[in-house]
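*Asks:* This is the structure, below, for whatever I ask next.
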Amino acid sequence: MLHLRLRSLPLAFVPRRLVLVSFAISRTRSTLPVRRYSTTMAAHATVDTFSRLKALRELMAKPEYNVQAVVVPTEDQHFSEYIAQCDERRAFISGFTGSAGCAVVTPQTAYLFTDGRYFLQASKQLDQNWTLMKQGFPDVPTWQEFLSKNLEKHSRIGIDPTLISASDADSIQKALQPKQSELVSMSMNLVDLVWPDRPSRPTNRVFPLNVQYSGQSHAEKLKTVRDELQKKDVTSMVINMLDEVAWLFNLRGSDIDFNPVFFAYGLIHEDKTLLFVNEAQLDDSVRTHLGDAVEVHPYDTFFTYLDRLGADLTAKKGSKVLVSDKASLAVADAIGQSNIVVTRSPVTDLKAIKNEVEIEGFRQSHIRDGAALVRYFAWLEEQLNEGKELSESDVADQLEKYRAENDHFMGLSFPTISATGPNGAIIHYQPERNNDAEVKKDQVYLCDSGAQYLDGTTDVTRTYHFGTPSAEEKRAFTRVLQGHIAIDTAIFPNGTTGYILDPFARRPLWEDGLDYRHGTGHGVGHFLNVHEGPHGIGVRIAYNNTPLKPGMTVSNEPGYYADGGYGIRIENVVVVRDARTPHNFGDKGYLRFEHVTLCPMGKNLIDASLLSAKEKEWLDAYHEEVLEKVAPLVQKDERALKWLQGECSPL
């Protein structure tokens, strides 16, 4: 998701990126602003990168660096998908602000690699100094392949070892050997050196998450992790992912927009646990929460500690440290390659399976969120019917205002994708404040939005037409709806992955020769990152490595995008649950999905002639459920209640 820039708003309402509450979880909130756009550029503006690239290339040529290419990934040192402003190096050097991509700069050319979600956006944001590499297209290499296949022999390729994984670095270095090229770990990040006004690292307050929301104490989680380490025959483990640190210690923060995390590392030994964090971010309530079992150390001492740990392990021999496959080369080098075992973090898998308290939190937060959505869409339809002129940003602000009135609201889970007409065809579009489109009654309107609540994280997309949709729009919407229903109603054996289920969502679209260039579903954190691994539903082969298990949360969001015309996406969050079946072939056990998102589907976009009897039955049952659960929360909003009743009437 992209970032939007905050415009001037009445004092009565200021959008928030993530709201901190008192440790007593009071209703008093701070007024931290949403950063809707990067501070360096607007959402779809083109930035002249000539001077930035010139300065970078001058550094590359200096004897103390002497590199023929520099790799600038998106990720930060914790391999976060969404990053703080100070870590937006790739966005600064390239002008491209999408959340996925990698830049490779050579003395003559600069390349930006990204996937199909961002082709349109990148083509608008990149200036003439860049070549867009459309990953997934025939004959287009990944950035890793590019280094060994396209660069000259004897190339020295500069990397920041804190921003590339140890596993990536190892495979790249092996691929470079035939060309006698090499990766060069730089002591200084060269982009930082040419970024004069780089923001400082956030140091926002950290707060405990009560067990009434987490369902399990951090002491219990630490014991479970130690049990897993014993099974893997390792004595220690590095926790480098920010959401894993937050989950493990039952702490939350706001150092990264829309993600309730804070900058920290964790280290688990057999006999002690260490948390490396800026101590100024902690108050007595956090220290009381952590207790004596967790040692707190300064964030900046983490690598010094790893150096000492590595030296001790080398001297003793035999003991091993588990390092995540998403940990950096710098972490692996500090401990020593011979002292580590690189594998998927067990915390990743433990966090992905929600306990019953967390699942109930998902249900309740989505009911409240559904009420805000109903109020919003009822308001929007009325405004358009009255001929009001409203921009995509204006209406997104109104949606956030409704959400902010909900109990346990902590902020948005990502910037709202509010897209009318052709803007909806840009998969991760973000409206540019004061330069966005007016929402039109006679255009398809796509709204992908979500919120952070103490008891859950929401992510929902609805597509509506507030006028009279065309036959083409209705047919495309109905095909997407059929794919959505196919996932929602799927029953499948234990051991099935999201890679296997993905065609269920695409089959109705394929019947019309249509498709979409994104996954069908991603994991969702519990009052954590809106995108969570390791599971998902999609065509990425990595999704075939993790079977879906009871307790996992995942989105169900097929779509279709007519370039220059409109975009359609329908998204619910679902929970994997055990299924009751008449038989149990192979004693495998079977699974199903429970949807928790509750918002009407937009009946005027449905071509009922395409739906089967079972699909119609599902739609009516879904709308009956939405009405039953959401109506009690909008009783005082006559407009919203009337709209809800109309949208939830039988097809």
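By order of appearance in the structure tokens: chains A, B, ..., then residues from 1 within every chain, and ligands from 1 in the order shown.
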When DSSP is applied to the backbone of this structure, which of range 29-181 of chain A are assigned helix (DSSP H, G or I)? Write them out as a ChimeraX atom specification.
*Replies:* /A:50-61,85-87,89-94,116-125,143-149,166-179
*Asks:* Put those residues in a file: C-alpha atoms, as a PDB file, in the first residue's frame.
*Replies:*
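Output contents, as saved in part-v7.pdb:
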ATOM      1  CA  PHE A  50      19.065  12.751 -12.435  1.00  0.00           C
ATOM      2  CA  SER A  51      20.921  14.579  -9.643  1.00  0.00           C
ATOM      3  CA  ARG A  52      20.311  11.768  -7.141  1.00  0.00           C
ATOM      4  CA  LEU A  53      21.662   9.141  -9.520  1.00  0.00           C
ATOM      5  CA  LYS A  54      24.600  11.369 -10.463  1.00  0.00           C
ATOM      6  CA  ALA A  55      25.594  11.731  -6.806  1.00  0.00           C
ATOM      7  CA  LEU A  56      25.241   7.992  -6.208  1.00  0.00           C
ATOM      8  CA  ARG A  57      27.341   7.131  -9.256  1.00  0.00           C
ATOM      9  CA  GLU A  58      30.079   9.518  -8.146  1.00  0.00           C
ATOM     10  CA  LEU A  59      30.279   7.627  -4.845  1.00  0.00           C
ATOM     11  CA  MET A  60      30.280   4.269  -6.631  1.00  0.00           C
ATOM     12  CA  ALA A  61      33.352   5.353  -8.630  1.00  0.00           C
ATOM     13  CA  GLN A  85      10.212   7.089   6.150  1.00  0.00           C
ATOM     14  CA  CYS A  86      13.902   6.895   7.057  1.00  0.00           C
ATOM     15  CA  ASP A  87      14.134   3.523   5.292  1.00  0.00           C
ATOM     16  CA  ARG A  89      15.757   4.418   0.141  1.00  0.00           C
ATOM     17  CA  ARG A  90      14.423   2.791  -2.995  1.00  0.00           C
ATOM     18  CA  ALA A  91      11.606   5.331  -3.200  1.00  0.00           C
ATOM     19  CA  PHE A  92      14.074   8.198  -2.755  1.00  0.00           C
ATOM     20  CA  ILE A  93      16.527   7.080  -5.417  1.00  0.00           C
ATOM     21  CA  SER A  94      13.948   5.948  -8.000  1.00  0.00           C
ATOM     22  CA  GLY A 116       2.237  -6.805 -11.878  1.00  0.00           C
ATOM     23  CA  ARG A 117       0.450  -4.945  -9.068  1.00  0.00           C
ATOM     24  CA  TYR A 118       2.645  -1.921  -9.724  1.00  0.00           C
ATOM     25  CA  PHE A 119       3.301  -1.836 -13.491  1.00  0.00           C
ATOM     26  CA  LEU A 120       0.928   1.072 -14.087  1.00  0.00           C
ATOM     27  CA  GLN A 121       2.070   3.027 -11.057  1.00  0.00           C
ATOM     28  CA  ALA A 122       5.756   2.522 -11.821  1.00  0.00           C
ATOM     29  CA  SER A 123       5.290   3.570 -15.432  1.00  0.00           C
ATOM     30  CA  LYS A 124       3.803   6.859 -14.186  1.00  0.00           C
ATOM     31  CA  GLN A 125       6.332   7.539 -11.436  1.00  0.00           C
ATOM     32  CA  TRP A 143      16.795  -8.648  -9.898  1.00  0.00           C
ATOM     33  CA  GLN A 144      18.835 -11.493  -8.423  1.00  0.00           C
ATOM     34  CA  GLU A 145      19.133 -13.196 -11.824  1.00  0.00           C
ATOM     35  CA  PHE A 146      19.922  -9.867 -13.466  1.00  0.00           C
ATOM     36  CA  LEU A 147      23.096  -9.475 -11.411  1.00  0.00           C
ATOM     37  CA  SER A 148      24.622 -12.684 -12.762  1.00  0.00           C
ATOM     38  CA  LYS A 149      23.116 -12.703 -16.253  1.00  0.00           C
ATOM     39  CA  ALA A 166      21.778 -14.281   4.176  1.00  0.00           C
ATOM     40  CA  SER A 167      20.090 -16.880   1.959  1.00  0.00           C
ATOM     41  CA  ASP A 168      19.689 -14.408  -0.920  1.00  0.00           C
ATOM     42  CA  ALA A 169      23.296 -13.303  -0.633  1.00  0.00           C
ATOM     43  CA  ASP A 170      24.530 -16.898  -0.667  1.00  0.00           C
ATOM     44  CA  SER A 171      22.565 -17.880  -3.783  1.00  0.00           C
ATOM     45  CA  ILE A 172      23.517 -14.667  -5.601  1.00  0.00           C
ATOM     46  CA  GLN A 173      27.205 -15.078  -4.790  1.00  0.00           C
ATOM     47  CA  LYS A 174      27.177 -18.633  -6.126  1.00  0.00           C
ATOM     48  CA  ALA A 175      25.503 -17.459  -9.345  1.00  0.00           C
ATOM     49  CA  LEU A 176      28.138 -14.721  -9.740  1.00  0.00           C
ATOM     50  CA  GLN A 177      31.132 -17.074  -9.519  1.00  0.00           C
ATOM     51  CA  PRO A 178      31.222 -18.096 -13.220  1.00  0.00           C
ATOM     52  CA  LYS A 179      31.595 -14.397 -14.111  1.00  0.00           C
TER      53      LYS A 179
END
*Asks:* Could you give me, as a tab-separated table, a per-residue list for range 408-490 of chain A showing, wherever an atom lies at most 12 Å from an atom of range 198-216 of chain A, the closest pair of atoms and their distance in Å to one decimal, using only C-alpha atoms and sorting by chain then residue number from low to high?
*Replies:*
residue	atom	partner	partner_atom	distance
A:His408	CA	A:Tyr213	CA	10.6
A:Tyr453	CA	A:Tyr213	CA	10.0
A:Leu454	CA	A:Tyr213	CA	6.7
A:Asp455	CA	A:Tyr213	CA	5.4
A:Gly456	CA	A:Tyr213	CA	8.4
A:Thr457	CA	A:Tyr213	CA	11.9
*Asks:* Would you output that residue set with N, CA and C atoms, as a CSV table (one decimal), in the first residue's frame?
*Replies:*
chain,number,residue,atom,x,y,z
A,408,HIS,N,-12.3,0.6,20.5
A,408,HIS,CA,-11.0,-0.1,20.4
A,408,HIS,C,-10.3,0.3,19.1
A,453,TYR,N,-7.7,-2.4,15.3
A,453,TYR,CA,-8.4,-2.4,16.6
A,453,TYR,C,-7.6,-3.2,17.6
A,454,LEU,N,-7.8,-2.9,18.9
A,454,LEU,CA,-7.1,-3.7,19.9
A,454,LEU,C,-7.4,-5.2,19.8
A,455,ASP,N,-8.6,-5.6,19.3
A,455,ASP,CA,-9.0,-7.0,19.2
A,455,ASP,C,-8.9,-7.5,17.8
A,456,GLY,N,-8.4,-6.8,16.8
A,456,GLY,CA,-8.3,-7.4,15.5
A,456,GLY,C,-7.9,-6.4,14.4
A,457,THR,N,-7.5,-6.9,13.3
A,457,THR,CA,-7.1,-6.1,12.1
A,457,THR,C,-8.1,-6.4,11.0
*Asks:* For CA of Cys447 in chain A and CA of Thr597 in chain A, quote the distance in Å rounded to one decimal.
*Replies:* 14.2 Å
*Asks:* Skipping near chain neighbours, those fewer than 5 positions away, what residues fall within 9 Å of Leu242 in chain A using only C-alpha atoms, listed as a PyMOL selection string?
*Replies:* chain A and resi 78-80+247+261-265
*Asks:* Let me see the file: selected residues, C-alpha atoms, as a CSV table (one decimal), in the first residue's frame.
*Replies:*
chain,number,residue,atom,x,y,z
A,78,HIS,CA,14.0,-6.1,9.8
A,79,PHE,CA,12.7,-7.1,6.3
A,80,SER,CA,9.5,-5.3,6.9
A,247,TRP,CA,3.6,-10.7,18.9
A,261,VAL,CA,5.2,-2.4,15.6
A,262,PHE,CA,8.3,-0.8,17.0
A,263,PHE,CA,12.0,-1.1,16.2
A,264,ALA,CA,13.5,-3.9,18.2
A,265,TYR,CA,15.3,-7.3,18.0
*Asks:* Near Val67 in chain A, within 6 Å and counting only C-alpha atoms, which residues show up once chain neighbours fewer than 4 positions away are dropped, as a list in words?
*Replies:*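 The contact residues come out as Met60, Arg156, Ile157 and Gly158 of chain A.
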*Asks:* Write a file of the just-selected residues containing all heavy atoms, as a short mmCIF file (atom, residue, chain, number, x, y, z; two decimals), in the first residue's frame.
*Replies:*
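So selection.cif came out as:
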data_model
loop_
_atom_site.label_atom_id
_atom_site.label_comp_id
_atom_site.auth_asym_id
_atom_site.auth_seq_id
_atom_site.Cartn_x
_atom_site.Cartn_y
_atom_site.Cartn_z
N MET A 60 29.94 5.61 -6.16
CA MET A 60 30.28 4.27 -6.63
C MET A 60 31.67 4.23 -7.26
O MET A 60 32.39 3.22 -7.14
CB MET A 60 29.24 3.79 -7.65
CG MET A 60 27.86 3.54 -7.08
SD MET A 60 26.56 3.38 -8.36
CE MET A 60 27.18 2.01 -9.34
N ARG A 156 31.93 -5.69 -9.28
CA ARG A 156 31.78 -5.58 -7.83
C ARG A 156 30.42 -4.93 -7.57
O ARG A 156 30.16 -3.82 -8.02
CB ARG A 156 32.91 -4.73 -7.24
CG ARG A 156 34.25 -5.43 -7.20
CD ARG A 156 35.39 -4.46 -6.89
NE ARG A 156 35.11 -3.58 -5.76
CZ ARG A 156 35.34 -3.89 -4.46
NH1 ARG A 156 35.85 -5.08 -4.16
NH2 ARG A 156 35.07 -3.02 -3.50
N ILE A 157 29.56 -5.67 -6.86
CA ILE A 157 28.17 -5.25 -6.69
C ILE A 157 27.97 -4.85 -5.23
O ILE A 157 28.06 -5.68 -4.32
CB ILE A 157 27.21 -6.38 -7.08
CG1 ILE A 157 27.46 -6.79 -8.54
CG2 ILE A 157 25.76 -5.95 -6.87
CD1 ILE A 157 26.88 -8.14 -8.90
N GLY A 158 27.71 -3.57 -5.00
CA GLY A 158 27.58 -3.05 -3.65
C GLY A 158 26.24 -3.36 -3.03
O GLY A 158 25.19 -3.16 -3.65
#
*Asks:* Contacts of range 289-306 of chain A at 6 Å or less, counting only C-alpha atoms, minus same-chain residues fewer than 6 places along, as a CSV table (one decimal) with all heavy atoms, in the first residue's frame?
*Replies:*
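Done, and the output landed in result13.csv:
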chain,number,residue,atom,x,y,z
A,273,THR,N,16.1,-14.3,28.0
A,273,THR,CA,15.5,-13.6,26.9
A,273,THR,C,16.0,-12.2,26.9
A,273,THR,O,15.9,-11.5,27.9
A,273,THR,CB,14.0,-13.7,26.9
A,273,THR,OG1,13.6,-15.1,27.0
A,273,THR,CG2,13.4,-13.1,25.7
A,274,LEU,N,16.4,-11.7,25.7
A,274,LEU,CA,16.8,-10.3,25.6
A,274,LEU,C,16.0,-9.6,24.6
A,274,LEU,O,15.6,-10.1,23.5
A,274,LEU,CB,18.3,-10.3,25.1
A,274,LEU,CG,19.4,-10.7,26.1
A,274,LEU,CD1,19.4,-12.3,26.1
A,274,LEU,CD2,20.7,-10.2,25.7
A,275,LEU,N,15.7,-8.3,24.9
A,275,LEU,CA,14.9,-7.4,24.0
A,275,LEU,C,15.8,-6.2,23.7
A,275,LEU,O,16.2,-5.5,24.7
A,275,LEU,CB,13.6,-7.0,24.6
A,275,LEU,CG,12.8,-6.0,23.8
A,275,LEU,CD1,12.3,-6.6,22.5
A,275,LEU,CD2,11.5,-5.6,24.6
A,276,PHE,N,16.2,-6.0,22.5
A,276,PHE,CA,17.0,-4.8,22.1
A,276,PHE,C,16.1,-3.7,21.5
A,276,PHE,O,15.5,-3.9,20.5
A,276,PHE,CB,18.1,-5.2,21.1
A,276,PHE,CG,19.1,-6.2,21.6
A,276,PHE,CD1,18.8,-7.6,21.6
A,276,PHE,CD2,20.3,-5.8,22.1
A,276,PHE,CE1,19.7,-8.5,22.1
A,276,PHE,CE2,21.2,-6.7,22.6
A,276,PHE,CZ,21.0,-8.0,22.6
A,277,VAL,N,16.0,-2.6,22.3
A,277,VAL,CA,15.0,-1.6,21.9
A,277,VAL,C,15.5,-0.3,22.4
A,277,VAL,O,16.3,-0.2,23.4
A,277,VAL,CB,13.6,-1.9,22.4
A,277,VAL,CG1,13.6,-2.0,24.0
A,277,VAL,CG2,12.5,-1.0,21.9
A,278,ASN,N,15.1,0.8,21.8
A,278,ASN,CA,15.4,2.1,22.4
A,278,ASN,C,14.7,2.3,23.7
A,278,ASN,O,13.4,2.4,23.7
A,278,ASN,CB,14.9,3.2,21.4
A,278,ASN,CG,15.3,4.6,21.8
A,278,ASN,OD1,15.4,4.9,23.0
A,278,ASN,ND2,15.5,5.5,20.9
A,334,ALA,N,27.7,-11.6,11.7
A,334,ALA,CA,28.1,-11.3,13.1
A,334,ALA,C,28.2,-12.5,13.9
A,334,ALA,O,29.1,-12.6,14.7
A,334,ALA,CB,27.1,-10.3,13.6
A,335,ILE,N,27.2,-13.4,13.8
A,335,ILE,CA,27.3,-14.6,14.6
A,335,ILE,C,28.3,-15.6,14.1
A,335,ILE,O,29.0,-16.4,14.8
A,335,ILE,CB,25.9,-15.3,14.7
A,335,ILE,CG1,24.9,-14.3,15.3
A,335,ILE,CG2,25.9,-16.5,15.6
A,335,ILE,CD1,23.4,-14.8,15.2
*Asks:* Just the residues within 9 Å of range 371-375 of chain A, please, counting only C-alpha atoms, with nothing from its chain fewer than 3 positions along; format it as a short mmCIF file (atom, residue, chain, number, x, y, z; two decimals) with N, CA and C atoms, in the first residue's frame.
*Replies:*
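Output below, filename result_9.cif:
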data_model
loop_
_atom_site.label_atom_id
_atom_site.label_comp_id
_atom_site.auth_asym_id
_atom_site.auth_seq_id
_atom_site.Cartn_x
_atom_site.Cartn_y
_atom_site.Cartn_z
N HIS A 366 -14.66 -6.99 13.20
CA HIS A 366 -15.22 -6.90 11.85
C HIS A 366 -16.70 -6.51 11.86
N ILE A 367 -17.41 -6.86 12.92
CA ILE A 367 -18.80 -6.39 13.03
C ILE A 367 -18.81 -4.87 13.19
N ARG A 368 -17.97 -4.35 14.09
CA ARG A 368 -17.90 -2.90 14.28
C ARG A 368 -17.41 -2.21 12.99
N ALA A 378 -23.63 4.35 2.72
CA ALA A 378 -24.94 5.00 2.70
C ALA A 378 -24.78 6.51 2.54
N TRP A 379 -23.82 7.06 3.28
CA TRP A 379 -23.54 8.50 3.17
C TRP A 379 -23.06 8.85 1.77
N LEU A 380 -22.16 8.05 1.22
CA LEU A 380 -21.60 8.35 -0.09
C LEU A 380 -22.68 8.31 -1.18
N LEU A 399 -14.73 7.97 5.57
CA LEU A 399 -14.72 6.58 6.03
C LEU A 399 -13.88 6.44 7.30
N GLU A 400 -12.73 7.08 7.32
CA GLU A 400 -11.90 7.00 8.51
C GLU A 400 -12.59 7.64 9.71
N LYS A 401 -13.31 8.69 9.46
CA LYS A 401 -14.04 9.36 10.56
C LYS A 401 -15.05 8.41 11.19
N TYR A 402 -15.77 7.67 10.37
CA TYR A 402 -16.73 6.70 10.90
C TYR A 402 -16.01 5.60 11.69
N ARG A 403 -14.90 5.13 11.15
CA ARG A 403 -14.15 4.08 11.86
C ARG A 403 -13.64 4.58 13.20
N ALA A 404 -13.19 5.83 13.23
CA ALA A 404 -12.61 6.38 14.46
C ALA A 404 -13.62 6.44 15.60
N GLU A 405 -14.91 6.36 15.28
CA GLU A 405 -15.94 6.39 16.31
C GLU A 405 -16.17 5.01 16.93
N ASN A 406 -15.54 3.97 16.37
CA ASN A 406 -15.72 2.62 16.88
C ASN A 406 -14.91 2.38 18.15
N LEU A 598 -18.15 -8.27 7.17
CA LEU A 598 -19.60 -8.14 7.03
C LEU A 598 -19.93 -6.80 6.38
N CYS A 599 -20.20 -6.83 5.09
CA CYS A 599 -20.58 -5.63 4.34
C CYS A 599 -21.26 -6.07 3.05
N PRO A 600 -22.37 -5.43 2.66
CA PRO A 600 -23.09 -5.84 1.46
C PRO A 600 -22.22 -5.84 0.21
N VAL A 630 -24.95 -6.51 11.80
CA VAL A 630 -24.54 -5.11 11.69
C VAL A 630 -25.67 -4.15 12.04
N ALA A 631 -26.90 -4.52 11.74
CA ALA A 631 -28.03 -3.62 11.96
C ALA A 631 -28.11 -3.08 13.39
N PRO A 632 -27.88 -3.91 14.42
CA PRO A 632 -27.97 -3.37 15.79
C PRO A 632 -27.00 -2.22 16.05
N LEU A 633 -25.92 -2.13 15.30
CA LEU A 633 -24.91 -1.09 15.52
C LEU A 633 -25.21 0.20 14.77
N VAL A 634 -26.20 0.17 13.86
CA VAL A 634 -26.50 1.39 13.09
C VAL A 634 -27.94 1.84 13.33
N ASP A 637 -28.51 5.51 13.15
CA ASP A 637 -28.22 6.17 11.87
C ASP A 637 -29.28 5.69 10.87
N ARG A 639 -30.26 6.71 7.97
CA ARG A 639 -29.81 6.59 6.58
C ARG A 639 -29.06 5.27 6.38
N ALA A 640 -28.15 4.95 7.30
CA ALA A 640 -27.35 3.73 7.17
C ALA A 640 -28.23 2.49 7.30
N LEU A 641 -29.16 2.52 8.23
CA LEU A 641 -30.03 1.35 8.44
C LEU A 641 -30.89 1.09 7.21
N TRP A 643 -30.23 1.98 4.12
CA TRP A 643 -29.36 1.50 3.03
C TRP A 643 -29.00 0.04 3.24
N LEU A 644 -28.68 -0.32 4.48
CA LEU A 644 -28.31 -1.71 4.80
C LEU A 644 -29.47 -2.66 4.51
#
*Asks:* Which of these, A:Tyr376, A:Thr497, A:Lys614, A:Pro107, has the shortest distance to Ala542 in chain A once you count only C-alpha atoms?
*Replies:*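 Smallest separation from Ala542 in chain A among the options: A:Thr497.
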*Asks:* Have a look at A:Ile500, A:Ala327, A:Gly567, A:Val524 and name the one nearest to Gly424 in chain A; count only C-alpha atoms.
*Replies:*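 Using only C-alpha atoms, Gly424 in chain A sits closest to A:Gly567.
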*Asks:* Can you tell me, as a PDB file with N, CA and C atoms, in the first residue's frame, what residues are no more than 10 Å from Leu514 in chain A when counting only C-alpha atoms, ignoring any on the same chain fewer than 5 positions away?
*Replies:*
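This is the output file out.pdb:
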ATOM      1  N   ALA A 476     -18.313  -8.606 -15.505  1.00  0.00           N
ATOM      2  CA  ALA A 476     -16.998  -8.735 -14.871  1.00  0.00           C
ATOM      3  C   ALA A 476     -17.143  -8.834 -13.354  1.00  0.00           C
ATOM      4  N   ARG A 479     -18.381 -12.280 -12.336  1.00  0.00           N
ATOM      5  CA  ARG A 479     -17.334 -13.301 -12.433  1.00  0.00           C
ATOM      6  C   ARG A 479     -16.409 -13.224 -11.216  1.00  0.00           C
ATOM      7  N   VAL A 480     -16.088 -12.005 -10.787  1.00  0.00           N
ATOM      8  CA  VAL A 480     -15.262 -11.848  -9.587  1.00  0.00           C
ATOM      9  C   VAL A 480     -16.008 -12.370  -8.363  1.00  0.00           C
ATOM     10  N   ARG A 506     -10.154 -18.071  -9.797  1.00  0.00           N
ATOM     11  CA  ARG A 506      -9.934 -17.577 -11.163  1.00  0.00           C
ATOM     12  C   ARG A 506     -10.803 -18.277 -12.207  1.00  0.00           C
ATOM     13  N   ARG A 507     -11.294 -19.454 -11.881  1.00  0.00           N
ATOM     14  CA  ARG A 507     -12.022 -20.225 -12.894  1.00  0.00           C
ATOM     15  C   ARG A 507     -13.174 -19.451 -13.537  1.00  0.00           C
ATOM     16  N   PRO A 508     -14.048 -18.769 -12.764  1.00  0.00           N
ATOM     17  CA  PRO A 508     -15.135 -18.030 -13.430  1.00  0.00           C
ATOM     18  C   PRO A 508     -14.614 -16.926 -14.359  1.00  0.00           C
ATOM     19  N   LEU A 509     -13.523 -16.274 -13.970  1.00  0.00           N
ATOM     20  CA  LEU A 509     -12.927 -15.253 -14.825  1.00  0.00           C
ATOM     21  C   LEU A 509     -12.321 -15.878 -16.067  1.00  0.00           C
ATOM     22  N   GLY A 559     -10.176 -10.310  -8.254  1.00  0.00           N
ATOM     23  CA  GLY A 559     -10.505  -9.025  -8.874  1.00  0.00           C
ATOM     24  C   GLY A 559     -10.400  -9.082 -10.380  1.00  0.00           C
ATOM     25  N   TYR A 560     -10.692  -7.949 -10.999  1.00  0.00           N
ATOM     26  CA  TYR A 560     -10.482  -7.769 -12.434  1.00  0.00           C
ATOM     27  C   TYR A 560     -10.267  -6.280 -12.688  1.00  0.00           C
ATOM     28  N   TYR A 561      -9.315  -5.964 -13.592  1.00  0.00           N
ATOM     29  CA  TYR A 561      -8.932  -4.577 -13.822  1.00  0.00           C
ATOM     30  C   TYR A 561      -8.855  -4.301 -15.322  1.00  0.00           C
ATOM     31  N   ALA A 562      -9.753  -3.451 -15.780  1.00  0.00           N
ATOM     32  CA  ALA A 562      -9.780  -3.050 -17.190  1.00  0.00           C
ATOM     33  C   ALA A 562      -8.973  -1.761 -17.307  1.00  0.00           C
TER      34      ALA A 562
END
*Asks:* Select from range 383-592 of chain A everything DSSP, run on the backbone, classes as strand (DSSP E or B), then give the selection as a VMD selection string.
*Replies:* chain A and resid 391 409 to 412 417 to 420 438 444 to 449 451 to 453 456 to 457 460 to 465 492 to 493 497 521 to 523 532 to 537 547 552 to 556 559 to 562 566 to 569 571 to 579 590 to 592
*Asks:* Export C-alpha atoms of the chosen residues as a short mmCIF file (atom, residue, chain, number, x, y, z; two decimals), in the first residue's frame?
*Replies:*
data_model
loop_
_atom_site.label_atom_id
_atom_site.label_comp_id
_atom_site.auth_asym_id
_atom_site.auth_seq_id
_atom_site.Cartn_x
_atom_site.Cartn_y
_atom_site.Cartn_z
CA SER A 391 -12.80 13.80 -4.33
CA PHE A 409 -10.09 1.82 17.18
CA MET A 410 -6.33 2.43 17.01
CA GLY A 411 -5.88 3.71 13.46
CA LEU A 412 -5.93 2.51 9.87
CA ILE A 417 -7.49 2.82 -1.67
CA SER A 418 -10.33 5.07 -2.80
CA ALA A 419 -10.54 4.78 -6.59
CA THR A 420 -13.16 5.86 -9.07
CA GLU A 438 -13.91 13.36 -8.32
CA VAL A 444 -17.40 2.02 -10.80
CA TYR A 445 -16.01 2.91 -7.35
CA LEU A 446 -13.49 0.60 -5.65
CA CYS A 447 -12.69 1.02 -1.96
CA ASP A 448 -10.04 -1.14 -0.30
CA SER A 449 -9.61 -0.17 3.34
CA ALA A 451 -8.45 -0.57 10.46
CA GLN A 452 -6.43 -1.57 13.49
CA TYR A 453 -8.42 -2.41 16.59
CA GLY A 456 -8.26 -7.40 15.50
CA THR A 457 -7.13 -6.08 12.14
CA VAL A 460 -12.01 -5.21 3.22
CA THR A 461 -12.64 -4.28 -0.40
CA ARG A 462 -16.01 -3.45 -1.89
CA THR A 463 -16.84 -2.33 -5.40
CA TYR A 464 -20.02 -0.34 -6.01
CA HIS A 465 -21.74 1.54 -8.78
CA PHE A 492 -10.55 -29.15 1.29
CA PRO A 493 -8.41 -31.78 3.03
CA THR A 497 -2.09 -25.06 0.34
CA GLY A 521 -5.31 -13.89 -0.47
CA HIS A 522 -2.73 -12.97 2.15
CA GLY A 523 -2.47 -13.75 5.84
CA GLU A 532 1.21 -11.67 7.31
CA GLY A 533 2.93 -14.88 6.25
CA PRO A 534 3.84 -17.58 5.75
CA HIS A 535 0.60 -18.71 4.13
CA GLY A 536 -1.55 -17.17 1.44
CA ILE A 537 -3.67 -17.96 -1.60
CA PRO A 547 -0.56 -25.84 4.15
CA MET A 552 -5.08 -19.15 10.15
CA THR A 553 -6.60 -15.91 8.86
CA VAL A 554 -6.41 -15.07 5.18
CA SER A 555 -8.04 -12.63 2.79
CA ASN A 556 -10.27 -13.72 -0.10
CA GLY A 559 -10.50 -9.02 -8.87
CA TYR A 560 -10.48 -7.77 -12.43
CA TYR A 561 -8.93 -4.58 -13.82
CA ALA A 562 -9.78 -3.05 -17.19
CA TYR A 566 -12.44 0.45 -14.09
CA GLY A 567 -11.30 -1.92 -11.37
CA ILE A 568 -13.22 -4.58 -9.45
CA ARG A 569 -12.17 -6.37 -6.28
CA GLU A 571 -12.38 -8.90 -0.34
CA ASN A 572 -13.35 -10.57 2.90
CA VAL A 573 -11.12 -11.84 5.68
CA VAL A 574 -11.74 -15.52 6.42
CA VAL A 575 -10.58 -17.90 9.16
CA VAL A 576 -9.57 -21.49 8.45
CA ARG A 577 -11.79 -23.84 10.49
CA ASP A 578 -12.37 -27.57 10.78
CA ALA A 579 -15.14 -28.83 8.50
CA TYR A 590 -11.19 -31.50 6.15
CA LEU A 591 -11.18 -27.74 6.41
CA ARG A 592 -13.41 -24.82 5.45
#
